[in-house]
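One file, model_17.pdb, is given below (PDB, C-alpha atoms and all ligand atoms).
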ATOM      1  CA  MET A   1      10.630   3.170  34.328  1.00  0.00           C
ATOM      2  CA  ASN A   2      12.205   1.741  31.164  1.00  0.00           C
ATOM      3  CA  GLN A   3      11.997  -1.979  30.526  1.00  0.00           C
ATOM      4  CA  THR A   4      14.355  -4.259  28.608  1.00  0.00           C
ATOM      5  CA  ILE A   5      13.036  -6.277  25.685  1.00  0.00           C
ATOM      6  CA  THR A   6      14.778  -8.741  23.401  1.00  0.00           C
ATOM      7  CA  PHE A   7      13.337  -9.801  20.090  1.00  0.00           C
ATOM      8  CA  HIS A   8      14.242 -10.560  16.493  1.00  0.00           C
ATOM      9  CA  LEU A   9      13.749  -7.783  13.980  1.00  0.00           C
ATOM     10  CA  ASN A  10      14.048  -8.774  10.342  1.00  0.00           C
ATOM     11  CA  GLY A  11      16.187 -11.704  11.411  1.00  0.00           C
ATOM     12  CA  GLU A  12      18.555  -9.740  13.661  1.00  0.00           C
ATOM     13  CA  ALA A  13      18.571 -10.064  17.444  1.00  0.00           C
ATOM     14  CA  VAL A  14      17.688  -6.791  19.192  1.00  0.00           C
ATOM     15  CA  ARG A  15      17.962  -5.947  22.869  1.00  0.00           C
ATOM     16  CA  MET A  16      16.951  -2.520  24.068  1.00  0.00           C
ATOM     17  CA  GLU A  17      15.405  -0.496  26.831  1.00  0.00           C
ATOM     18  CA  ILE A  18      12.092   1.139  26.044  1.00  0.00           C
ATOM     19  CA  GLU A  19       9.403   3.174  27.747  1.00  0.00           C
ATOM     20  CA  PRO A  20       6.540   0.818  28.601  1.00  0.00           C
ATOM     21  CA  HIS A  21       3.903   3.008  26.921  1.00  0.00           C
ATOM     22  CA  LEU A  22       5.463   2.836  23.426  1.00  0.00           C
ATOM     23  CA  THR A  23       3.525   1.289  20.586  1.00  0.00           C
ATOM     24  CA  LEU A  24       5.302  -1.065  18.227  1.00  0.00           C
ATOM     25  CA  LEU A  25       4.927   1.546  15.472  1.00  0.00           C
ATOM     26  CA  GLN A  26       6.671   4.183  17.627  1.00  0.00           C
ATOM     27  CA  LEU A  27       9.404   1.701  18.432  1.00  0.00           C
ATOM     28  CA  LEU A  28       9.986   0.916  14.762  1.00  0.00           C
ATOM     29  CA  ARG A  29       9.754   4.431  13.353  1.00  0.00           C
ATOM     30  CA  ASP A  30      10.998   6.662  16.172  1.00  0.00           C
ATOM     31  CA  LYS A  31      13.536   4.485  17.981  1.00  0.00           C
ATOM     32  CA  LEU A  32      14.789   2.160  15.241  1.00  0.00           C
ATOM     33  CA  GLU A  33      14.332   4.521  12.258  1.00  0.00           C
ATOM     34  CA  LEU A  34      12.505   1.927  10.182  1.00  0.00           C
ATOM     35  CA  THR A  35      10.250   4.499   8.602  1.00  0.00           C
ATOM     36  CA  VAL A  36       8.823   2.550   5.673  1.00  0.00           C
ATOM     37  CA  THR A  37       6.094   1.254   7.994  1.00  0.00           C
ATOM     38  CA  LYS A  38       3.531   4.044   7.821  1.00  0.00           C
ATOM     39  CA  GLU A  39       1.088   5.590  10.245  1.00  0.00           C
ATOM     40  CA  GLY A  40      -2.345   6.205   8.768  1.00  0.00           C
ATOM     41  CA  CYS A  41      -5.280   6.306  11.147  1.00  0.00           C
ATOM     42  CA  GLY A  42      -3.321   5.485  14.299  1.00  0.00           C
ATOM     43  CA  MET A  43      -6.395   3.626  15.560  1.00  0.00           C
ATOM     44  CA  GLY A  44      -6.124   0.110  14.185  1.00  0.00           C
ATOM     45  CA  GLU A  45      -8.475   0.699  11.267  1.00  0.00           C
ATOM     46  CA  CYS A  46      -6.477   1.251   8.063  1.00  0.00           C
ATOM     47  CA  GLY A  47      -3.680  -1.337   8.096  1.00  0.00           C
ATOM     48  CA  ALA A  48      -0.987   1.104   6.911  1.00  0.00           C
ATOM     49  CA  CYS A  49       1.118   0.176   9.935  1.00  0.00           C
ATOM     50  CA  THR A  50       0.903  -3.601   9.415  1.00  0.00           C
ATOM     51  CA  VAL A  51       3.950  -5.674  10.343  1.00  0.00           C
ATOM     52  CA  LEU A  52       4.367  -9.398  10.922  1.00  0.00           C
ATOM     53  CA  LEU A  53       4.652 -10.721  14.449  1.00  0.00           C
ATOM     54  CA  ASP A  54       5.656 -14.384  14.507  1.00  0.00           C
ATOM     55  CA  GLY A  55       4.327 -14.504  10.951  1.00  0.00           C
ATOM     56  CA  LYS A  56       0.902 -13.001  11.665  1.00  0.00           C
ATOM     57  CA  SER A  57      -0.098  -9.511  10.615  1.00  0.00           C
ATOM     58  CA  VAL A  58      -0.682  -6.980  13.393  1.00  0.00           C
ATOM     59  CA  ASN A  59      -1.533  -3.292  13.425  1.00  0.00           C
ATOM     60  CA  SER A  60       1.619  -1.893  15.000  1.00  0.00           C
ATOM     61  CA  CYS A  61      -0.042   1.466  15.817  1.00  0.00           C
ATOM     62  CA  ILE A  62      -2.105  -0.148  18.558  1.00  0.00           C
ATOM     63  CA  PHE A  63       0.249  -2.979  19.505  1.00  0.00           C
ATOM     64  CA  PRO A  64       2.257  -2.478  22.710  1.00  0.00           C
ATOM     65  CA  ALA A  65       5.983  -2.597  21.965  1.00  0.00           C
ATOM     66  CA  MET A  66       6.576  -4.472  25.231  1.00  0.00           C
ATOM     67  CA  GLU A  67       4.692  -7.440  23.807  1.00  0.00           C
ATOM     68  CA  VAL A  68       7.270  -8.165  21.113  1.00  0.00           C
ATOM     69  CA  ASP A  69       9.596  -9.432  23.836  1.00  0.00           C
ATOM     70  CA  GLY A  70      10.776 -12.911  22.825  1.00  0.00           C
ATOM     71  CA  LYS A  71       9.072 -12.718  19.435  1.00  0.00           C
ATOM     72  CA  SER A  72       9.994 -12.143  15.804  1.00  0.00           C
ATOM     73  CA  VAL A  73       9.012  -8.956  13.957  1.00  0.00           C
ATOM     74  CA  ILE A  74       9.229  -8.545  10.189  1.00  0.00           C
ATOM     75  CA  THR A  75       8.804  -5.131   8.606  1.00  0.00           C
ATOM     76  CA  ILE A  76       8.752  -4.364   4.912  1.00  0.00           C
ATOM     77  CA  GLU A  77      12.492  -3.637   5.118  1.00  0.00           C
ATOM     78  CA  GLY A  78      12.935  -7.303   6.034  1.00  0.00           C
ATOM     79  CA  LEU A  79      11.286  -8.660   2.894  1.00  0.00           C
ATOM     80  CA  THR A  80      14.088  -7.781   0.511  1.00  0.00           C
ATOM     81  CA  ASN A  81      16.991 -10.212   0.621  1.00  0.00           C
ATOM     82  CA  ALA A  82      20.570  -9.432   1.636  1.00  0.00           C
ATOM     83  CA  GLN A  83      21.394  -8.448  -1.946  1.00  0.00           C
ATOM     84  CA  GLY A  84      18.499  -5.981  -1.974  1.00  0.00           C
ATOM     85  CA  LYS A  85      16.344  -8.065  -4.328  1.00  0.00           C
ATOM     86  CA  LEU A  86      12.623  -7.551  -3.989  1.00  0.00           C
ATOM     87  CA  HIS A  87      10.398 -10.305  -2.653  1.00  0.00           C
ATOM     88  CA  PRO A  88       8.171 -11.981  -5.312  1.00  0.00           C
ATOM     89  CA  ILE A  89       5.109 -10.358  -3.700  1.00  0.00           C
ATOM     90  CA  GLN A  90       6.694  -6.921  -4.116  1.00  0.00           C
ATOM     91  CA  LYS A  91       7.531  -7.716  -7.735  1.00  0.00           C
ATOM     92  CA  ALA A  92       3.943  -8.820  -8.373  1.00  0.00           C
ATOM     93  CA  PHE A  93       2.592  -5.590  -6.855  1.00  0.00           C
ATOM     94  CA  ILE A  94       4.768  -3.603  -9.246  1.00  0.00           C
ATOM     95  CA  GLU A  95       3.953  -5.783 -12.246  1.00  0.00           C
ATOM     96  CA  TYR A  96       0.184  -5.563 -11.698  1.00  0.00           C
ATOM     97  CA  GLY A  97       0.074  -1.850 -10.925  1.00  0.00           C
ATOM     98  CA  ALA A  98      -1.095  -2.478  -7.366  1.00  0.00           C
ATOM     99  CA  ILE A  99       0.877   0.505  -6.062  1.00  0.00           C
ATOM    100  CA  GLN A 100       0.247   4.208  -6.470  1.00  0.00           C
ATOM    101  CA  CYS A 101       0.893   6.428  -3.468  1.00  0.00           C
ATOM    102  CA  GLY A 102       2.684   3.709  -1.578  1.00  0.00           C
ATOM    103  CA  PHE A 103       1.247   4.708   1.779  1.00  0.00           C
ATOM    104  CA  CYS A 104      -0.788   1.541   2.133  1.00  0.00           C
ATOM    105  CA  THR A 105       1.632  -0.641   0.204  1.00  0.00           C
ATOM    106  CA  PRO A 106       4.033  -1.817   2.919  1.00  0.00           C
ATOM    107  CA  GLY A 107       1.132  -3.030   5.029  1.00  0.00           C
ATOM    108  CA  MET A 108      -0.694  -4.483   2.042  1.00  0.00           C
ATOM    109  CA  VAL A 109       2.390  -6.459   0.983  1.00  0.00           C
ATOM    110  CA  LEU A 110       2.930  -7.801   4.503  1.00  0.00           C
ATOM    111  CA  SER A 111      -0.711  -8.863   4.793  1.00  0.00           C
ATOM    112  CA  ALA A 112      -0.265 -10.669   1.472  1.00  0.00           C
ATOM    113  CA  LYS A 113       2.837 -12.383   2.887  1.00  0.00           C
ATOM    114  CA  ALA A 114       0.960 -13.525   5.989  1.00  0.00           C
ATOM    115  CA  LEU A 115      -1.889 -14.789   3.828  1.00  0.00           C
ATOM    116  CA  LEU A 116       0.263 -16.663   1.305  1.00  0.00           C
ATOM    117  CA  ASP A 117       2.456 -18.212   4.006  1.00  0.00           C
ATOM    118  CA  GLU A 118      -0.663 -19.644   5.620  1.00  0.00           C
ATOM    119  CA  ASN A 119      -2.597 -20.386   2.440  1.00  0.00           C
ATOM    120  CA  PRO A 120      -0.298 -20.658  -0.607  1.00  0.00           C
ATOM    121  CA  LYS A 121      -3.155 -20.926  -3.155  1.00  0.00           C
ATOM    122  CA  PRO A 122      -5.935 -18.663  -1.892  1.00  0.00           C
ATOM    123  CA  THR A 123      -9.162 -18.114  -3.771  1.00  0.00           C
ATOM    124  CA  GLU A 124     -10.148 -14.567  -4.713  1.00  0.00           C
ATOM    125  CA  ASP A 125     -12.534 -14.463  -1.746  1.00  0.00           C
ATOM    126  CA  GLU A 126      -9.760 -15.618   0.576  1.00  0.00           C
ATOM    127  CA  ILE A 127      -7.435 -12.936  -0.805  1.00  0.00           C
ATOM    128  CA  ARG A 128     -10.078 -10.247  -0.307  1.00  0.00           C
ATOM    129  CA  HIS A 129     -10.648 -11.514   3.232  1.00  0.00           C
ATOM    130  CA  GLY A 130      -6.869 -11.621   3.872  1.00  0.00           C
ATOM    131  CA  ILE A 131      -6.396  -7.959   2.909  1.00  0.00           C
ATOM    132  CA  ALA A 132      -9.692  -6.730   4.362  1.00  0.00           C
ATOM    133  CA  GLY A 133      -7.886  -4.871   7.149  1.00  0.00           C
ATOM    134  CA  ASN A 134      -5.782  -2.876   4.688  1.00  0.00           C
ATOM    135  CA  LEU A 135      -7.397   0.163   3.125  1.00  0.00           C
ATOM    136  CA  CYS A 136      -6.224   1.659  -0.167  1.00  0.00           C
ATOM    137  CA  ARG A 137      -7.729   4.854  -1.531  1.00  0.00           C
ATOM    138  CA  CYS A 138      -5.831   4.889  -4.815  1.00  0.00           C
ATOM    139  CA  THR A 139      -5.769   1.743  -6.903  1.00  0.00           C
ATOM    140  CA  GLY A 140      -9.034   0.018  -6.194  1.00  0.00           C
ATOM    141  CA  TYR A 141      -8.562  -3.538  -5.067  1.00  0.00           C
ATOM    142  CA  LEU A 142      -8.615  -5.387  -8.383  1.00  0.00           C
ATOM    143  CA  GLN A 143      -4.912  -4.918  -9.099  1.00  0.00           C
ATOM    144  CA  ILE A 144      -4.048  -5.813  -5.520  1.00  0.00           C
ATOM    145  CA  VAL A 145      -6.041  -9.042  -5.756  1.00  0.00           C
ATOM    146  CA  GLN A 146      -4.391  -9.811  -9.114  1.00  0.00           C
ATOM    147  CA  ALA A 147      -0.952  -9.221  -7.604  1.00  0.00           C
ATOM    148  CA  ASN A 148      -1.746 -11.589  -4.732  1.00  0.00           C
ATOM    149  CA  LYS A 149      -2.887 -14.222  -7.222  1.00  0.00           C
ATOM    150  CA  ALA A 150       0.217 -13.805  -9.353  1.00  0.00           C
ATOM    151  CA  ALA A 151       2.473 -14.014  -6.314  1.00  0.00           C
ATOM    152  CA  SER A 152       0.813 -17.312  -5.437  1.00  0.00           C
ATOM    153  CA  GLY A 153       1.526 -18.634  -8.933  1.00  0.00           C
ATOM    154  CA  GLN A 154      -2.125 -18.557 -10.077  1.00  0.00           C
TER     155      GLN A 154
HETATM  156  S1  LIG A 201      -2.153   3.360  11.266  1.00  0.00           S
HETATM  157 FE1  LIG A 201      -2.401   1.472  12.249  1.00  0.00          FE
HETATM  158  S2  LIG A 201      -4.259   0.676  11.519  1.00  0.00           S
HETATM  159 FE2  LIG A 201      -4.130   2.679  10.670  1.00  0.00          FE
HETATM  160  S1  LIG A 202      -1.707   3.098  -3.169  1.00  0.00           S
HETATM  161 FE1  LIG A 202      -2.751   2.482  -1.367  1.00  0.00          FE
HETATM  162  S2  LIG A 202      -3.619   4.229  -0.448  1.00  0.00           S
HETATM  163 FE2  LIG A 202      -2.653   4.850  -2.291  1.00  0.00          FE
END
In C-alpha cells, what does this structure look like?
Ligand code: FES
Ligand code: FES
Amino acid sequence: MNQTITFHLNGEAVRMEIEPHLTLLQLLRDKLELTVTKEGCGMGECGACTVLLDGKSVNSCIFPAMEVDGKSVITIEGLTNAQGKLHPIQKAFIEYGAIQCGFCTPGMVLSAKALLDENPKPTEDEIRHGIAGNLCRCTGYLQIVQANKAASGQ
C-alpha cells in the first residue's frame, strides 16, 4: 500500500504518495525526473548516487525513500542558484579539470559540499577521507582534491 511522505527537495516542499519499497534514487530519477543523480553500482559502493540528506551525504541507491519523510534532500540540481549560476564547488571542478565522463561528478561535488560545510578548511588527508566513498575511473583523484582545496579558498 502506498504511503504519503512530505519533505523538502532542493528547497521546495514536496508531498507525494510512494510505494514503500522505493529507494531514494528511484524516487528522484523515476518519479521526480531528477536524472542528474546517477546509478553506478546500485549497491552502496561507488558514490555515483550521492545526495545530501539534512546536509550529510548518503548513497541514495540503498537509502529507503520512506526515510526522507520530514527531512531535506539536496540533489546536484539544487546546487545551482535560481539564476542558473554554478556553485563555487562546481566552478572549481571545471577549473581544475576534475570532470571527464561526469558519471561520478554529481556525487563527488555533493560529497565535497558536505565536507566543506562541516569543515571549511580541510587538509588534503581530510579531503581524501571526505571523498573516499566516491569512485572515479577517469581523472585520478589529484584534480578532484585540488578542486576541493580551491573551493575552500586554499
Ligand atoms: S550507485 Fe549508489 S553507491 Fe553506487
Ligand atoms: S569523471 Fe568520474 S568516473 Fe569519469
Neighbour list for Gly140 (chain A) as a PDB file with C-alpha atoms, keeping the file's coordinate frame, cut-off 12 Å, all atoms listed in the file, skip fewer than 3 positions in-chain:
ATOM      1  CA  GLY A  97       0.074  -1.850 -10.925  1.00  0.00           C
ATOM      2  CA  ALA A  98      -1.095  -2.478  -7.366  1.00  0.00           C
ATOM      3  CA  ILE A  99       0.877   0.505  -6.062  1.00  0.00           C
ATOM      4  CA  GLN A 100       0.247   4.208  -6.470  1.00  0.00           C
ATOM      5  CA  CYS A 104      -0.788   1.541   2.133  1.00  0.00           C
ATOM      6  CA  ARG A 128     -10.078 -10.247  -0.307  1.00  0.00           C
ATOM      7  CA  ASN A 134      -5.782  -2.876   4.688  1.00  0.00           C
ATOM      8  CA  LEU A 135      -7.397   0.163   3.125  1.00  0.00           C
ATOM      9  CA  CYS A 136      -6.224   1.659  -0.167  1.00  0.00           C
ATOM     10  CA  ARG A 137      -7.729   4.854  -1.531  1.00  0.00           C
ATOM     11  CA  GLN A 143      -4.912  -4.918  -9.099  1.00  0.00           C
ATOM     12  CA  ILE A 144      -4.048  -5.813  -5.520  1.00  0.00           C
ATOM     13  CA  VAL A 145      -6.041  -9.042  -5.756  1.00  0.00           C
ATOM     14  CA  GLN A 146      -4.391  -9.811  -9.114  1.00  0.00           C
TER      15      GLN A 146
END
Which residues match the PyMOL selection byres (((chain A and resi 111-127) around 8) and not hetatm) in the file above, as an NGL selection string? :A and (50-52 or 55-57 or 89 or 107-110 or 128-131 or 134 or 145 or 148-149 or 152-154)
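The nearest approach to ligand LIG 202 (chain A) among the residues A:Ala151, A:Leu24, A:Leu79, A:Cys101, with only C-alpha atoms and all ligand atoms taken into account, belongs to A:Cys101.
Nearest to ligand LIG 201 (chain A) of all the residues A:Leu32, A:Ala92, A:Cys61, A:Val68 is A:Cys61, based on all atoms listed in the file.
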task = Run the PyMOL selection byres (((chain A and resi 40) around 12) and not hetatm) against the file shown and list the residues it catches, as a list in words.
result = Leu25, Thr37, Lys38, Glu39, Cys41, Gly42, Met43, Gly44, Glu45, Cys46, Gly47, Ala48, Cys49, Thr50, Asn59, Ser60, Cys61, Ile62, Gly102, Phe103, Cys104, Thr105, Pro106, Gly107, Asn134, Leu135, Cys136 and Arg137 of chain A
Using only C-alpha atoms and all ligand atoms, the shortest atom-to-atom distance to ligand LIG 201 (chain A) among A:Val58, A:Ala65, A:Ile5, A:Ala147 belongs to A:Val58
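Evaluating the PyMOL selection byres (((chain A and resi 73) around 8) and not hetatm) against the shown model yields Phe7, His8, Leu9, Asn10, Val51, Leu52, Leu53, Asp54, Gly55, Val68, Lys71, Ser72, Ile74 and Thr75 of chain A.
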CA of Met1 (chain A) to CA of Leu22 (chain A) measures 12.1 Å
Item to complete: Give me the residues within 9 Å of Lys31 (chain A) as a list in words, counting only C-alpha atoms and dropping any in the same chain fewer than 4 places off.
Response: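 My list of contacting residues is Ile18, Gln26 and Leu27 of chain A.
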* Asked: What is the distance, in Å and to one decimal place, between CA of Gly78 (chain A) and CA of Glu12 (chain A)?
  ->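 Straight-line distance from CA of Gly78 (chain A) to CA of Glu12 (chain A) works out to 9.8 Å.
One finds CA of Phe93 (chain A) at 16.7 Å from CA of Ala132 (chain A).
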Note to self: Considering all atoms listed in the file, can you say which of A:Lys91, A:Glu67, A:Ile76, A:Thr23 comes closest to ligand LIG 201 (chain A)?
What the structure shows: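 Among the listed residues, the smallest separation from ligand LIG 201 (chain A) belongs to A:Thr23.
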I'd like the box whose edges run along x, y and z of the file and which contains every listed atom of ligand LIG 201 (chain A), padded by 8 Å per side; could you state its centre and edge lengths in Å, one decimal, as JSON?
{"center_x": -3.2, "center_y": 2.0, "center_z": 11.5, "size_x": 18.1, "size_y": 18.7, "size_z": 17.6}
- prompt: With only C-alpha atoms and all ligand atoms as the atoms that count, which of A:Pro88, A:Cys138, A:Ala150, A:Ala82 lies nearest to ligand LIG 202 (chain A)?
  reply: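 Result for the nearest residue to ligand LIG 202 (chain A): A:Cys138.
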For ligand LIG 202 (chain A), the closest of A:Gly70, A:Val36, A:Thr139, A:Glu95 counting only C-alpha atoms and all ligand atoms is A:Thr139
Would you mind writing region 126-137 of chain A with all heavy atoms, as a short mmCIF file (atom, residue, chain, number, x, y, z; two decimals), in the coordinates of the input?
data_model
loop_
_atom_site.label_atom_id
_atom_site.label_comp_id
_atom_site.auth_asym_id
_atom_site.auth_seq_id
_atom_site.Cartn_x
_atom_site.Cartn_y
_atom_site.Cartn_z
N GLU A 126 -10.72 -15.51 -0.54
CA GLU A 126 -9.76 -15.62 0.58
C GLU A 126 -8.74 -14.47 0.53
O GLU A 126 -8.32 -13.96 1.57
CB GLU A 126 -9.06 -16.98 0.53
CG GLU A 126 -9.99 -18.11 0.96
CD GLU A 126 -9.42 -19.50 0.66
OE1 GLU A 126 -8.54 -19.65 -0.23
OE2 GLU A 126 -9.90 -20.46 1.30
N ILE A 127 -8.35 -14.08 -0.69
CA ILE A 127 -7.44 -12.94 -0.80
C ILE A 127 -8.12 -11.68 -0.29
O ILE A 127 -7.56 -10.92 0.50
CB ILE A 127 -6.98 -12.75 -2.27
CG1 ILE A 127 -6.10 -13.91 -2.71
CG2 ILE A 127 -6.25 -11.41 -2.44
CD1 ILE A 127 -5.79 -13.95 -4.19
N ARG A 128 -9.36 -11.46 -0.74
CA ARG A 128 -10.08 -10.25 -0.31
C ARG A 128 -10.25 -10.25 1.21
O ARG A 128 -10.13 -9.20 1.86
CB ARG A 128 -11.42 -10.13 -1.03
CG ARG A 128 -11.27 -9.75 -2.49
CD ARG A 128 -12.59 -9.51 -3.20
NE ARG A 128 -12.38 -9.19 -4.60
CZ ARG A 128 -12.09 -7.97 -5.08
NH1 ARG A 128 -12.01 -6.96 -4.25
NH2 ARG A 128 -11.88 -7.78 -6.36
N HIS A 129 -10.52 -11.41 1.77
CA HIS A 129 -10.65 -11.51 3.23
C HIS A 129 -9.29 -11.22 3.89
O HIS A 129 -9.21 -10.51 4.90
CB HIS A 129 -11.15 -12.91 3.61
CG HIS A 129 -11.35 -13.09 5.08
ND1 HIS A 129 -12.40 -12.52 5.76
CD2 HIS A 129 -10.60 -13.74 6.01
CE1 HIS A 129 -12.29 -12.83 7.04
NE2 HIS A 129 -11.21 -13.56 7.22
N GLY A 130 -8.21 -11.77 3.29
CA GLY A 130 -6.87 -11.62 3.87
C GLY A 130 -6.39 -10.18 3.91
O GLY A 130 -5.62 -9.80 4.79
N ILE A 131 -6.85 -9.36 2.95
CA ILE A 131 -6.40 -7.96 2.91
C ILE A 131 -7.49 -7.00 3.38
O ILE A 131 -7.37 -5.78 3.21
CB ILE A 131 -5.91 -7.55 1.49
CG1 ILE A 131 -7.04 -7.69 0.47
CG2 ILE A 131 -4.68 -8.36 1.10
CD1 ILE A 131 -6.70 -7.09 -0.90
N ALA A 132 -8.54 -7.57 3.98
CA ALA A 132 -9.69 -6.73 4.36
C ALA A 132 -9.32 -5.65 5.37
O ALA A 132 -9.98 -4.60 5.43
CB ALA A 132 -10.81 -7.61 4.92
N GLY A 133 -8.28 -5.87 6.15
CA GLY A 133 -7.89 -4.87 7.15
C GLY A 133 -6.97 -3.79 6.60
O GLY A 133 -6.53 -2.92 7.35
N ASN A 134 -6.70 -3.85 5.31
CA ASN A 134 -5.78 -2.88 4.69
C ASN A 134 -6.56 -2.02 3.70
O ASN A 134 -7.04 -2.52 2.69
CB ASN A 134 -4.64 -3.60 3.96
CG ASN A 134 -3.75 -4.36 4.91
OD1 ASN A 134 -4.08 -5.48 5.31
ND2 ASN A 134 -2.65 -3.78 5.30
N LEU A 135 -6.65 -0.74 3.99
CA LEU A 135 -7.40 0.16 3.12
C LEU A 135 -6.47 0.83 2.12
O LEU A 135 -5.35 1.22 2.45
CB LEU A 135 -8.09 1.25 3.95
CG LEU A 135 -9.01 0.74 5.06
CD1 LEU A 135 -9.70 1.92 5.74
CD2 LEU A 135 -10.05 -0.25 4.52
N CYS A 136 -6.95 0.93 0.87
CA CYS A 136 -6.22 1.66 -0.17
C CYS A 136 -7.21 2.60 -0.84
O CYS A 136 -8.27 2.16 -1.28
CB CYS A 136 -5.62 0.69 -1.18
SG CYS A 136 -4.84 1.54 -2.57
N ARG A 137 -6.83 3.86 -0.92
CA ARG A 137 -7.73 4.85 -1.53
C ARG A 137 -7.39 5.10 -2.99
O ARG A 137 -8.06 5.88 -3.65
CB ARG A 137 -7.59 6.19 -0.80
CG ARG A 137 -7.86 6.12 0.68
CD ARG A 137 -9.35 6.02 0.96
NE ARG A 137 -9.60 6.01 2.39
CZ ARG A 137 -10.51 5.25 2.96
NH1 ARG A 137 -11.23 4.42 2.25
NH2 ARG A 137 -10.71 5.32 4.26
#
